[in-house]
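What's in final.txt: compact mmCIF, C-alpha atoms
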```txt
# COMPACT_ATOMS: atom_id res chain seq x y z
CA MET X 246 -18.38 -9.53 -71.30
CA SER X 247 -19.48 -10.84 -67.90
CA LEU X 248 -22.12 -9.00 -65.93
CA GLU X 249 -20.70 -10.34 -62.67
CA GLY X 250 -18.05 -8.47 -60.73
CA LYS X 251 -16.24 -8.10 -57.43
CA LEU X 252 -14.60 -5.08 -55.80
CA VAL X 253 -12.26 -5.37 -52.81
CA SER X 254 -10.86 -2.47 -50.80
CA GLU X 255 -8.84 -2.33 -47.60
CA ILE X 256 -8.48 0.50 -45.12
CA ASN X 257 -6.43 0.68 -41.93
CA ILE X 258 -8.20 2.12 -38.89
CA LYS X 259 -6.76 3.30 -35.57
CA CYS X 260 -9.85 2.51 -33.51
CA ASP X 261 -10.54 -0.90 -31.97
CA GLY X 262 -11.14 -3.66 -34.53
CA ASP X 263 -13.37 -5.66 -32.19
CA VAL X 264 -15.55 -2.60 -31.61
CA PHE X 265 -15.78 -1.95 -35.36
CA HIS X 266 -16.94 -5.53 -36.02
CA GLU X 267 -19.38 -5.37 -33.11
CA ILE X 268 -20.96 -2.24 -34.61
CA PHE X 269 -21.73 -3.94 -37.93
CA ARG X 270 -22.85 -7.15 -36.28
CA HIS X 271 -24.86 -6.02 -33.25
CA ARG X 272 -25.57 -2.30 -33.61
CA PRO X 273 -25.56 -0.95 -37.16
CA HIS X 274 -28.45 1.26 -35.95
CA HIS X 275 -25.82 3.32 -34.11
CA ILE X 276 -23.96 4.20 -37.31
CA SER X 277 -26.32 7.11 -38.04
CA THR X 278 -24.86 8.90 -34.99
CA MET X 279 -21.30 8.32 -36.24
CA SER X 280 -21.79 9.06 -39.96
CA SER X 281 -24.99 11.09 -40.05
CA ASP X 282 -24.41 12.71 -43.45
CA LYS X 283 -24.17 9.29 -45.10
CA VAL X 284 -26.38 6.98 -43.01
CA GLN X 285 -29.61 8.52 -41.77
CA ASN X 286 -31.32 5.52 -40.19
CA VAL X 287 -31.01 1.76 -39.75
CA ASP X 288 -33.96 -0.37 -38.60
CA ILE X 289 -34.44 -4.07 -38.06
CA HIS X 290 -37.48 -5.49 -39.87
CA GLU X 291 -37.17 -9.19 -39.01
CA GLY X 292 -35.23 -11.19 -36.46
CA GLU X 293 -32.79 -9.80 -33.91
CA TRP X 294 -29.67 -7.66 -34.17
CA GLY X 295 -26.54 -9.71 -34.76
CA THR X 296 -28.16 -12.93 -36.01
CA VAL X 297 -28.03 -14.66 -39.38
CA GLY X 298 -31.32 -14.27 -41.24
CA SER X 299 -32.19 -10.90 -39.72
CA VAL X 300 -33.53 -8.32 -42.16
CA ILE X 301 -32.19 -4.76 -41.88
CA PHE X 302 -33.44 -1.61 -43.60
CA TRP X 303 -30.95 1.20 -44.35
CA ASN X 304 -31.72 4.85 -45.19
CA PHE X 305 -28.61 6.42 -46.67
CA THR X 306 -27.35 9.16 -48.97
CA HIS X 307 -25.29 8.07 -51.99
CA ASP X 308 -24.26 10.10 -55.04
CA GLY X 309 -26.18 13.03 -53.57
CA LYS X 310 -29.49 11.13 -53.44
CA GLU X 311 -31.47 9.69 -50.56
CA LYS X 312 -31.75 5.93 -51.01
CA VAL X 313 -32.88 2.79 -49.19
CA ALA X 314 -31.52 -0.74 -49.00
CA LYS X 315 -33.14 -3.84 -47.56
CA GLU X 316 -30.57 -6.44 -46.56
CA ILE X 317 -30.49 -9.86 -44.93
CA ILE X 318 -27.54 -10.98 -42.81
CA GLU X 319 -26.29 -14.00 -44.71
CA GLU X 320 -23.13 -14.87 -42.78
CA ILE X 321 -21.39 -14.05 -39.50
CA ASP X 322 -17.91 -15.29 -38.66
CA GLU X 323 -16.67 -14.19 -35.25
CA GLU X 324 -13.18 -15.59 -35.76
CA LYS X 325 -12.70 -13.51 -38.91
CA LYS X 326 -14.76 -10.61 -37.50
CA LEU X 327 -16.89 -10.87 -40.64
CA VAL X 328 -20.47 -9.94 -41.52
CA LYS X 329 -21.96 -10.59 -44.97
CA PHE X 330 -25.14 -8.88 -46.15
CA LYS X 331 -27.29 -9.78 -49.15
CA VAL X 332 -29.31 -6.93 -50.66
CA ILE X 333 -32.90 -8.06 -51.15
CA GLY X 334 -34.65 -4.74 -51.87
CA GLY X 335 -34.25 -1.02 -52.43
CA ASP X 336 -32.48 1.29 -54.88
CA ILE X 337 -29.39 -0.87 -55.42
CA LEU X 338 -31.48 -3.56 -57.12
CA ASP X 339 -32.61 -1.01 -59.72
CA HIS X 340 -29.21 -1.63 -61.32
CA TYR X 341 -28.05 -5.01 -60.08
CA LYS X 342 -29.62 -8.46 -60.26
CA SER X 343 -27.75 -9.47 -57.10
CA PHE X 344 -25.58 -7.58 -54.65
CA TYR X 345 -23.60 -8.75 -51.61
CA VAL X 346 -21.67 -6.63 -49.10
CA THR X 347 -19.05 -8.19 -46.84
CA VAL X 348 -17.09 -6.35 -44.16
CA HIS X 349 -14.44 -7.95 -42.00
CA VAL X 350 -11.61 -6.82 -39.74
CA GLU X 351 -8.16 -8.33 -39.31
CA THR X 352 -6.28 -7.25 -36.21
CA LYS X 353 -2.50 -7.54 -35.93
CA ASP X 354 -1.05 -5.91 -32.83
CA GLU X 355 -2.18 -2.25 -33.06
CA ASP X 356 -3.17 -2.46 -36.73
CA ASN X 357 -6.81 -3.04 -37.64
CA LEU X 358 -7.35 -3.70 -41.34
CA VAL X 359 -10.96 -3.36 -42.54
CA THR X 360 -11.75 -5.13 -45.81
CA TRP X 361 -14.88 -4.36 -47.83
CA ILE X 362 -16.01 -6.77 -50.55
CA LEU X 363 -18.79 -5.95 -53.01
CA GLU X 364 -19.99 -8.88 -55.16
CA TYR X 365 -22.62 -8.19 -57.79
CA GLU X 366 -24.32 -9.04 -61.05
CA LYS X 367 -25.39 -6.11 -63.24
CA LEU X 368 -28.77 -5.99 -64.96
CA ASN X 369 -27.06 -5.01 -68.22
CA GLN X 370 -23.74 -3.92 -69.70
CA ASP X 371 -24.54 -0.21 -69.31
CA ILE X 372 -24.51 -0.41 -65.51
CA PRO X 373 -21.18 0.88 -64.09
CA ASP X 374 -19.19 -1.04 -61.51
CA PRO X 375 -20.15 0.19 -58.01
CA HIS X 376 -16.99 2.18 -57.30
CA THR X 377 -18.97 5.03 -55.74
CA LEU X 378 -20.67 2.56 -53.39
CA MET X 379 -17.25 1.27 -52.38
CA LYS X 380 -16.14 4.84 -51.70
CA PHE X 381 -19.31 5.24 -49.62
CA CYS X 382 -18.32 2.22 -47.49
CA LEU X 383 -14.77 3.53 -47.00
CA ASP X 384 -16.04 6.99 -46.06
CA VAL X 385 -18.43 5.50 -43.47
CA THR X 386 -15.49 3.51 -42.10
CA LYS X 387 -13.47 6.72 -41.67
CA ASP X 388 -16.41 8.41 -39.94
CA ILE X 389 -16.74 5.52 -37.47
CA GLU X 390 -12.99 5.68 -36.79
CA THR X 391 -13.12 9.44 -36.20
CA HIS X 392 -16.12 9.04 -33.89
CA HIS X 393 -14.17 6.67 -31.65
CA LEU X 394 -10.95 8.69 -31.64
CA THR X 395 -12.42 12.15 -31.01
CA GLY X 396 -13.94 13.26 -27.74
CA LYS X 397 -15.00 16.11 -25.54
CA LEU X 398 -15.00 16.44 -21.77
CA VAL X 399 -16.90 19.21 -19.98
CA SER X 400 -16.76 19.97 -16.25
CA GLU X 401 -18.15 22.80 -14.16
CA ILE X 402 -16.98 24.05 -10.78
CA ASN X 403 -18.42 26.82 -8.62
CA ILE X 404 -15.90 29.26 -7.15
CA LYS X 405 -16.39 31.81 -4.39
CA SER X 406 -13.68 34.15 -5.66
CA ASP X 407 -14.30 36.88 -8.25
CA GLY X 408 -15.24 35.53 -11.72
CA ASP X 409 -13.85 38.57 -13.55
CA VAL X 410 -10.51 38.17 -11.79
CA PHE X 411 -10.41 34.45 -12.63
CA HIS X 412 -10.96 35.19 -16.32
CA GLU X 413 -8.41 37.99 -16.23
CA ILE X 414 -5.81 35.57 -14.85
CA PHE X 415 -6.18 33.12 -17.74
CA ARG X 416 -6.33 35.88 -20.33
CA TYR X 417 -3.69 38.37 -19.18
CA ARG X 418 -1.53 36.75 -16.50
CA PRO X 419 -1.38 32.96 -16.60
CA HIS X 420 2.30 33.47 -15.61
CA HIS X 421 1.00 34.32 -12.11
CA ILE X 422 -0.68 30.90 -11.70
CA SER X 423 2.56 29.25 -10.59
CA SER X 424 2.43 31.37 -7.42
CA MET X 425 -1.18 30.31 -6.77
CA SER X 426 -0.90 26.62 -7.66
CA PRO X 427 2.80 25.68 -7.32
CA GLY X 428 2.02 22.00 -6.82
CA TYR X 429 0.60 21.82 -10.36
CA ILE X 430 2.06 24.77 -12.32
CA GLN X 431 5.78 25.45 -12.05
CA ASN X 432 6.21 28.12 -14.73
CA VAL X 433 4.40 29.86 -17.59
CA ASP X 434 6.27 31.85 -20.25
CA ILE X 435 5.19 33.73 -23.33
CA HIS X 436 7.18 32.77 -26.45
CA GLU X 437 5.42 34.83 -29.11
CA GLY X 438 3.07 37.80 -29.06
CA GLU X 439 1.75 39.57 -25.99
CA TRP X 440 -0.21 38.40 -22.97
CA GLY X 441 -3.96 38.42 -23.56
CA THR X 442 -3.93 38.46 -27.37
CA ILE X 443 -5.09 35.91 -29.92
CA GLY X 444 -2.18 34.18 -31.61
CA SER X 445 0.16 34.50 -28.63
CA VAL X 446 2.18 31.35 -27.88
CA ILE X 447 2.56 30.26 -24.27
CA VAL X 448 4.67 27.45 -22.78
CA TRP X 449 3.50 25.79 -19.55
CA ASN X 450 5.69 23.75 -17.20
CA PHE X 451 3.41 21.63 -15.05
CA THR X 452 3.16 18.42 -13.03
CA HIS X 453 0.56 15.87 -14.12
CA ASP X 454 0.18 12.23 -13.07
CA GLY X 455 3.30 12.66 -10.94
CA LYS X 456 5.48 13.68 -13.88
CA GLU X 457 6.96 17.01 -14.92
CA LYS X 458 5.61 17.97 -18.34
CA VAL X 459 5.46 20.85 -20.82
CA ALA X 460 2.74 22.16 -23.10
CA LYS X 461 3.09 24.72 -25.86
CA GLU X 462 -0.21 26.45 -26.60
CA VAL X 463 -1.51 29.18 -28.86
CA ILE X 464 -4.41 31.39 -27.79
CA GLU X 465 -7.04 30.63 -30.41
CA GLU X 466 -10.07 32.53 -29.12
CA ILE X 467 -10.94 35.21 -26.56
CA ASP X 468 -14.51 36.26 -25.78
CA GLU X 469 -14.79 38.98 -23.16
CA GLU X 470 -18.58 38.79 -23.00
CA LYS X 471 -18.45 35.07 -22.15
CA LYS X 472 -15.23 35.48 -20.14
CA LEU X 473 -13.73 32.78 -22.34
CA VAL X 474 -10.22 31.84 -23.42
CA LYS X 475 -9.52 28.92 -25.78
CA PHE X 476 -6.06 27.41 -26.15
CA LYS X 477 -4.82 25.04 -28.87
CA VAL X 478 -1.99 22.72 -27.86
CA ILE X 479 0.72 22.86 -30.55
CA GLY X 480 3.60 21.11 -28.79
CA GLY X 481 4.77 19.21 -25.73
CA ASP X 482 3.89 16.02 -23.88
CA ILE X 483 0.14 16.08 -24.55
CA LEU X 484 0.66 15.63 -28.29
CA GLU X 485 2.48 12.36 -27.70
CA ALA X 486 -0.94 10.79 -27.15
CA TYR X 487 -3.29 13.11 -29.07
CA ASN X 488 -3.33 14.37 -32.66
CA SER X 489 -5.12 17.52 -31.54
CA PHE X 490 -6.03 19.01 -28.18
CA TYR X 491 -7.98 22.16 -27.25
CA VAL X 492 -8.56 23.63 -23.79
CA THR X 493 -11.33 26.15 -23.19
CA VAL X 494 -12.01 27.89 -19.88
CA HIS X 495 -14.85 30.32 -19.31
CA VAL X 496 -16.68 31.86 -16.38
CA GLU X 497 -20.37 32.56 -16.02
CA THR X 498 -21.38 34.92 -13.20
CA LYS X 499 -24.91 34.77 -11.80
CA GLY X 500 -25.39 36.94 -8.74
CA GLU X 501 -22.77 35.77 -6.27
CA ASP X 502 -22.19 32.49 -8.12
CA ASN X 503 -19.22 32.14 -10.47
CA ILE X 504 -19.34 28.92 -12.50
CA VAL X 505 -16.07 27.98 -14.18
CA THR X 506 -16.48 25.62 -17.14
CA TRP X 507 -13.57 23.63 -18.53
CA ILE X 508 -13.85 22.02 -21.98
CA LEU X 509 -11.28 19.57 -23.34
CA GLU X 510 -11.66 18.64 -27.03
CA TYR X 511 -9.30 16.08 -28.51
CA GLU X 512 -8.46 13.48 -31.09
CA LYS X 513 -6.56 10.42 -29.86
CA LYS X 514 -3.64 8.96 -31.81
CA ASN X 515 -5.12 5.48 -31.42
CA CYS X 516 -7.76 3.54 -29.52
CA ASN X 517 -5.37 2.66 -26.68
CA VAL X 518 -5.14 6.30 -25.58
CA LEU X 519 -7.31 7.06 -22.56
CA ASP X 520 -9.79 9.92 -22.39
CA PRO X 521 -8.05 12.79 -20.56
CA HIS X 522 -9.99 12.56 -17.29
CA THR X 523 -6.83 13.09 -15.23
CA LEU X 524 -6.09 16.27 -17.20
CA MET X 525 -9.60 17.47 -16.44
CA GLU X 526 -9.02 16.73 -12.76
CA PHE X 527 -5.77 18.72 -13.06
CA CYS X 528 -7.70 21.75 -14.44
CA LEU X 529 -10.26 21.55 -11.63
CA ASN X 530 -7.54 21.31 -8.98
CA VAL X 531 -5.76 24.37 -10.39
CA THR X 532 -9.10 26.19 -10.30
CA LYS X 533 -9.50 25.33 -6.60
CA ASP X 534 -5.97 26.53 -5.86
CA ILE X 535 -6.63 29.87 -7.58
CA GLU X 536 -9.86 30.23 -5.62
CA THR X 537 -8.12 29.46 -2.33
CA HIS X 538 -5.32 31.93 -3.11
CA HIS X 539 -7.80 34.77 -3.59
CA LEU X 540 -9.95 33.89 -0.59
CA ASN X 541 -6.94 33.78 1.70
```
Structure translated into structure tokens:
Amino acid sequence: MSLEGKLVSEINIKCDGDVFHEIFRHRPHHISTMSSDKVQNVDIHEGEWGTVGSVIFWNFTHDGKEKVAKEIIEEIDEEKKLVKFKVIGGDILDHYKSFYVTVHVETKDEDNLVTWILEYEKLNQDIPDPHTLMKFCLDVTKDIETHHLTGKLVSEINIKSDGDVFHEIFRYRPHHISSMSPGYIQNVDIHEGEWGTIGSVIVWNFTHDGKEKVAKEVIEEIDEEKKLVKFKVIGGDILEAYNSFYVTVHVETKGEDNIVTWILEYEKKNCNVLDPHTLMEFCLNVTKDIETHHLN
């Protein structure tokens, strides 16, 4: 029975294929920020990032154990978006006489297919095929995809109107906002539950980017001490571009200062979806309208 083997696995990712290839070619040292539970650190020991012959040292966790791998970049093919590594030291060579890892990306329209290839020669017949290492590679791929699709925007704005009243509006009477900011909010209705309670479902009719839109939201969290309300979007136009979307608004009062903080947390449907900066601008403009309404 041959000691040599080859495993091939494919996985489709929604994030940009060029970016994925660029990470493994030029900046694998960034992977620890994208998949920190699996890859703890990546250092270059010889050469320069992204060049054939460079030697890279990986600290990673596999099968519940902290391990290391010393690899040399053996091949780079920009046309195929391919990088091939040869393992030249570390824990993997405790079981394998030779071990090669190839990762390449094939992009067709919006589809980005990542292919992992593990080629190896075992030290003896008792060594298992590296299926758990292949799973490790696929899991890291998913983490990198998630990192590029998920995001968080945070903006603060100081208002001169009463912070308690501002919080009370978003908790108990968001249906009054249409009278304070009619250019942005046309109507707010409650569909389930009661105003100001967790689990209540609210539907917003609003104008964003020059278009009339709707959003169906459930109140997920209320914190009176922090003057905080968190909404989860469960329907409407926003979910055409995002798999998940959360809106948090809270007010911090210090003396005469009332700082309103807006937090947008989201997962895009694909890499072509923009970060919701215009939605953040919308939230800030509504805040200004509410402030103006109470000052007048």
**Message:** Quick one: residues within 7 Å of range 493-501 of chain X, all atoms listed in the file, excluding same-chain residues fewer than 2 positions away - as a VMD selection string?
**Reply:** chain X and resid 408 412 471 to 476 491 503 to 509
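With distances restricted to only C-alpha atoms, X:Glu462 is the closest residue to Ile443 in chain X from X:Asp263, X:Asp336, X:Glu390, X:Glu462.
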**Request:** Using only C-alpha atoms, determine which residues lie at most 8 Å from range 363-367 of chain X, disregarding the query and same-chain residues fewer than 4 positions distant; provide the list as a ChimeraX atom specification.
**Result:** /X:248-253,340-347,372,379
**Request:** Kindly extract all protein, DNA and RNA residues lying within 9 Å of the coordinates (-25.8, -1.9, -48.4) given in the file, considering all atoms listed in the file, and supply them as a PyMOL selection string.
**Result:** chain X and resi 303+305+313-316+330-332+337+344-346+378+382
Keeping only C-alpha atoms, write the selected residues to a file as a PDB file, in the frame of the given file.
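Written out: part38.pdb:
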```pdb
ATOM      1  CA  TRP X 303     -30.950   1.200 -44.350  1.00  0.00           C
ATOM      2  CA  PHE X 305     -28.610   6.420 -46.670  1.00  0.00           C
ATOM      3  CA  VAL X 313     -32.880   2.790 -49.190  1.00  0.00           C
ATOM      4  CA  ALA X 314     -31.520  -0.740 -49.000  1.00  0.00           C
ATOM      5  CA  LYS X 315     -33.140  -3.840 -47.560  1.00  0.00           C
ATOM      6  CA  GLU X 316     -30.570  -6.440 -46.560  1.00  0.00           C
ATOM      7  CA  PHE X 330     -25.140  -8.880 -46.150  1.00  0.00           C
ATOM      8  CA  LYS X 331     -27.290  -9.780 -49.150  1.00  0.00           C
ATOM      9  CA  VAL X 332     -29.310  -6.930 -50.660  1.00  0.00           C
ATOM     10  CA  ILE X 337     -29.390  -0.870 -55.420  1.00  0.00           C
ATOM     11  CA  PHE X 344     -25.580  -7.580 -54.650  1.00  0.00           C
ATOM     12  CA  TYR X 345     -23.600  -8.750 -51.610  1.00  0.00           C
ATOM     13  CA  VAL X 346     -21.670  -6.630 -49.100  1.00  0.00           C
ATOM     14  CA  LEU X 378     -20.670   2.560 -53.390  1.00  0.00           C
ATOM     15  CA  CYS X 382     -18.320   2.220 -47.490  1.00  0.00           C
TER      16      CYS X 382
END
```
At a cut-off of 12 Å, can you tabulate as CSV every residue of range 483-524 of chain X near range 450-453 of chain X together with its closest atom pair and the distance in Å to one decimal, using all atoms listed in the file and ordering rows by chain then number?
```
residue,atom,partner,partner_atom,distance
X:Ile483,CA,X:His453,CA,10.4
X:Pro521,CA,X:His453,CA,11.2
X:His522,CA,X:His453,CA,11.5
X:Thr523,CA,X:His453,CA,8.0
X:Leu524,CA,X:His453,CA,7.3
```
**Asked** If you measure from CA of Val531 in chain X to CA of Lys514 in chain X, what distance in Å do you get, rounded to one decimal?
**Response**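 CA of Lys514 in chain X lies at a distance of 26.5 Å from CA of Val531 in chain X.
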**Message:** What's the separation between CA of Glu536 in chain X and CA of Asp434 in chain X, in Å to one decimal place?
**Reply:**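 Taking CA of Glu536 in chain X and CA of Asp434 in chain X, their separation equals 21.8 Å.
Across the model, the gap from CA of Ser489 in chain X to CA of Asp454 in chain X is 19.9 Å.
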**Item:** Within 12 Å of file point (-23.9, 2.2, -39.4), counting all atoms listed in the file, expressed as an MDAnalysis selection string
**Value:** chainID X and resid 265:288 301:305 348 381:390 392
Selection near Lys477 in chain X, 10 Å with all atoms listed in the file, sequence-local residues under 6 positions removed, as a short mmCIF file (atom, residue, chain, number, x, y, z; two decimals) with C-alpha atoms, in the coordinates of the input:
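The result, written out as part-v6.cif:
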```cif
data_model
loop_
_atom_site.label_atom_id
_atom_site.label_comp_id
_atom_site.auth_asym_id
_atom_site.auth_seq_id
_atom_site.Cartn_x
_atom_site.Cartn_y
_atom_site.Cartn_z
CA GLY X 444 -2.18 34.18 -31.61
CA VAL X 446 2.18 31.35 -27.88
CA ALA X 460 2.74 22.16 -23.10
CA LYS X 461 3.09 24.72 -25.86
CA GLU X 462 -0.21 26.45 -26.60
CA VAL X 463 -1.51 29.18 -28.86
CA ILE X 464 -4.41 31.39 -27.79
CA GLU X 465 -7.04 30.63 -30.41
CA GLU X 466 -10.07 32.53 -29.12
CA SER X 489 -5.12 17.52 -31.54
CA PHE X 490 -6.03 19.01 -28.18
CA TYR X 491 -7.98 22.16 -27.25
CA VAL X 492 -8.56 23.63 -23.79
CA THR X 493 -11.33 26.15 -23.19
CA GLU X 510 -11.66 18.64 -27.03
#
```
**Message:** Here is a test: counting all atoms listed in the file, which residue of X:Val518, X:Ile447, X:Val410, X:Ile258 is nearest to Tyr487 in chain X?
**Reply:** X:Val518
**Prompt:** With all atoms listed in the file as the basis for distance, which of X:Glu311, X:Glu355, X:Asp371, X:Glu413 is at the shortest distance from Ser247 in chain X?
**Reply:**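 Checking each of X:Glu311, X:Glu355, X:Asp371, X:Glu413 against Ser247 in chain X, counting all atoms listed in the file, the winner is X:Asp371.
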**Message:** Nearest residue to Thr537 in chain X out of X:Asp356, X:Asp407, X:Glu485, X:Glu293, using all atoms listed in the file?
**Reply:**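 Looking only at the distances to Thr537 in chain X, the closest residue turns out to be X:Asp407.
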**Fill in**
Between X:Asn541, X:Ser299, X:Asn257, X:Asn530, smallest distance to Ser426 in chain X by all atoms listed in the file belongs to X:Asn530
Filled-in all heavy atoms of range 247-256 of chain X, supplied as a compact mmCIF listing (two decimals), keeping the file's coordinate frame:
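Written out: out-v1.txt:
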```
# COMPACT_ATOMS: atom_id res chain seq x y z
N SER X 247 -18.70 -10.37 -69.03
CA SER X 247 -19.48 -10.84 -67.90
C SER X 247 -20.17 -9.69 -67.18
O SER X 247 -19.64 -8.59 -67.07
CB SER X 247 -18.56 -11.58 -66.92
OG SER X 247 -19.28 -11.93 -65.76
N LEU X 248 -21.37 -9.98 -66.71
CA LEU X 248 -22.12 -9.00 -65.93
C LEU X 248 -21.78 -9.11 -64.44
O LEU X 248 -22.18 -8.26 -63.65
CB LEU X 248 -23.61 -9.20 -66.13
CG LEU X 248 -24.14 -8.95 -67.55
CD1 LEU X 248 -25.63 -9.27 -67.63
CD2 LEU X 248 -23.91 -7.50 -67.97
N GLU X 249 -21.06 -10.13 -64.06
CA GLU X 249 -20.70 -10.34 -62.67
C GLU X 249 -19.39 -9.62 -62.35
O GLU X 249 -18.52 -9.48 -63.20
CB GLU X 249 -20.57 -11.83 -62.36
CG GLU X 249 -21.89 -12.59 -62.51
CD GLU X 249 -21.73 -14.06 -62.18
OE1 GLU X 249 -20.57 -14.51 -61.99
OE2 GLU X 249 -22.76 -14.77 -62.11
N GLY X 250 -19.27 -9.16 -61.12
CA GLY X 250 -18.05 -8.47 -60.73
C GLY X 250 -17.81 -8.53 -59.23
O GLY X 250 -18.69 -8.95 -58.45
N LYS X 251 -16.63 -8.09 -58.84
CA LYS X 251 -16.24 -8.10 -57.43
C LYS X 251 -15.24 -6.97 -57.20
O LYS X 251 -14.25 -6.84 -57.92
CB LYS X 251 -15.60 -9.45 -57.07
CG LYS X 251 -15.19 -9.60 -55.62
CD LYS X 251 -14.63 -11.00 -55.38
CE LYS X 251 -14.20 -11.22 -53.94
NZ LYS X 251 -13.69 -12.60 -53.71
N LEU X 252 -15.52 -6.14 -56.21
CA LEU X 252 -14.60 -5.08 -55.80
C LEU X 252 -14.13 -5.37 -54.38
O LEU X 252 -14.92 -5.76 -53.52
CB LEU X 252 -15.29 -3.71 -55.83
CG LEU X 252 -15.80 -3.18 -57.17
CD1 LEU X 252 -16.41 -1.79 -56.97
CD2 LEU X 252 -14.68 -3.12 -58.20
N VAL X 253 -12.85 -5.16 -54.14
CA VAL X 253 -12.26 -5.37 -52.81
C VAL X 253 -11.43 -4.15 -52.45
O VAL X 253 -10.59 -3.71 -53.25
CB VAL X 253 -11.38 -6.64 -52.76
CG1 VAL X 253 -10.80 -6.81 -51.36
CG2 VAL X 253 -12.17 -7.87 -53.18
N SER X 254 -11.67 -3.60 -51.27
CA SER X 254 -10.86 -2.47 -50.80
C SER X 254 -10.51 -2.67 -49.33
O SER X 254 -11.31 -3.19 -48.55
CB SER X 254 -11.62 -1.14 -50.95
OG SER X 254 -11.63 -0.72 -52.30
N GLU X 255 -9.31 -2.23 -48.98
CA GLU X 255 -8.84 -2.33 -47.60
C GLU X 255 -8.56 -0.94 -47.07
O GLU X 255 -8.12 -0.06 -47.80
CB GLU X 255 -7.57 -3.18 -47.52
CG GLU X 255 -7.77 -4.63 -47.92
CD GLU X 255 -6.48 -5.43 -47.86
OE1 GLU X 255 -5.39 -4.78 -47.87
OE2 GLU X 255 -6.53 -6.66 -47.80
N ILE X 256 -8.78 -0.78 -45.76
CA ILE X 256 -8.48 0.50 -45.12
C ILE X 256 -8.03 0.22 -43.69
O ILE X 256 -8.64 -0.59 -42.98
CB ILE X 256 -9.71 1.44 -45.16
CG1 ILE X 256 -9.39 2.79 -44.51
CG2 ILE X 256 -10.93 0.82 -44.51
CD1 ILE X 256 -10.48 3.84 -44.71
```
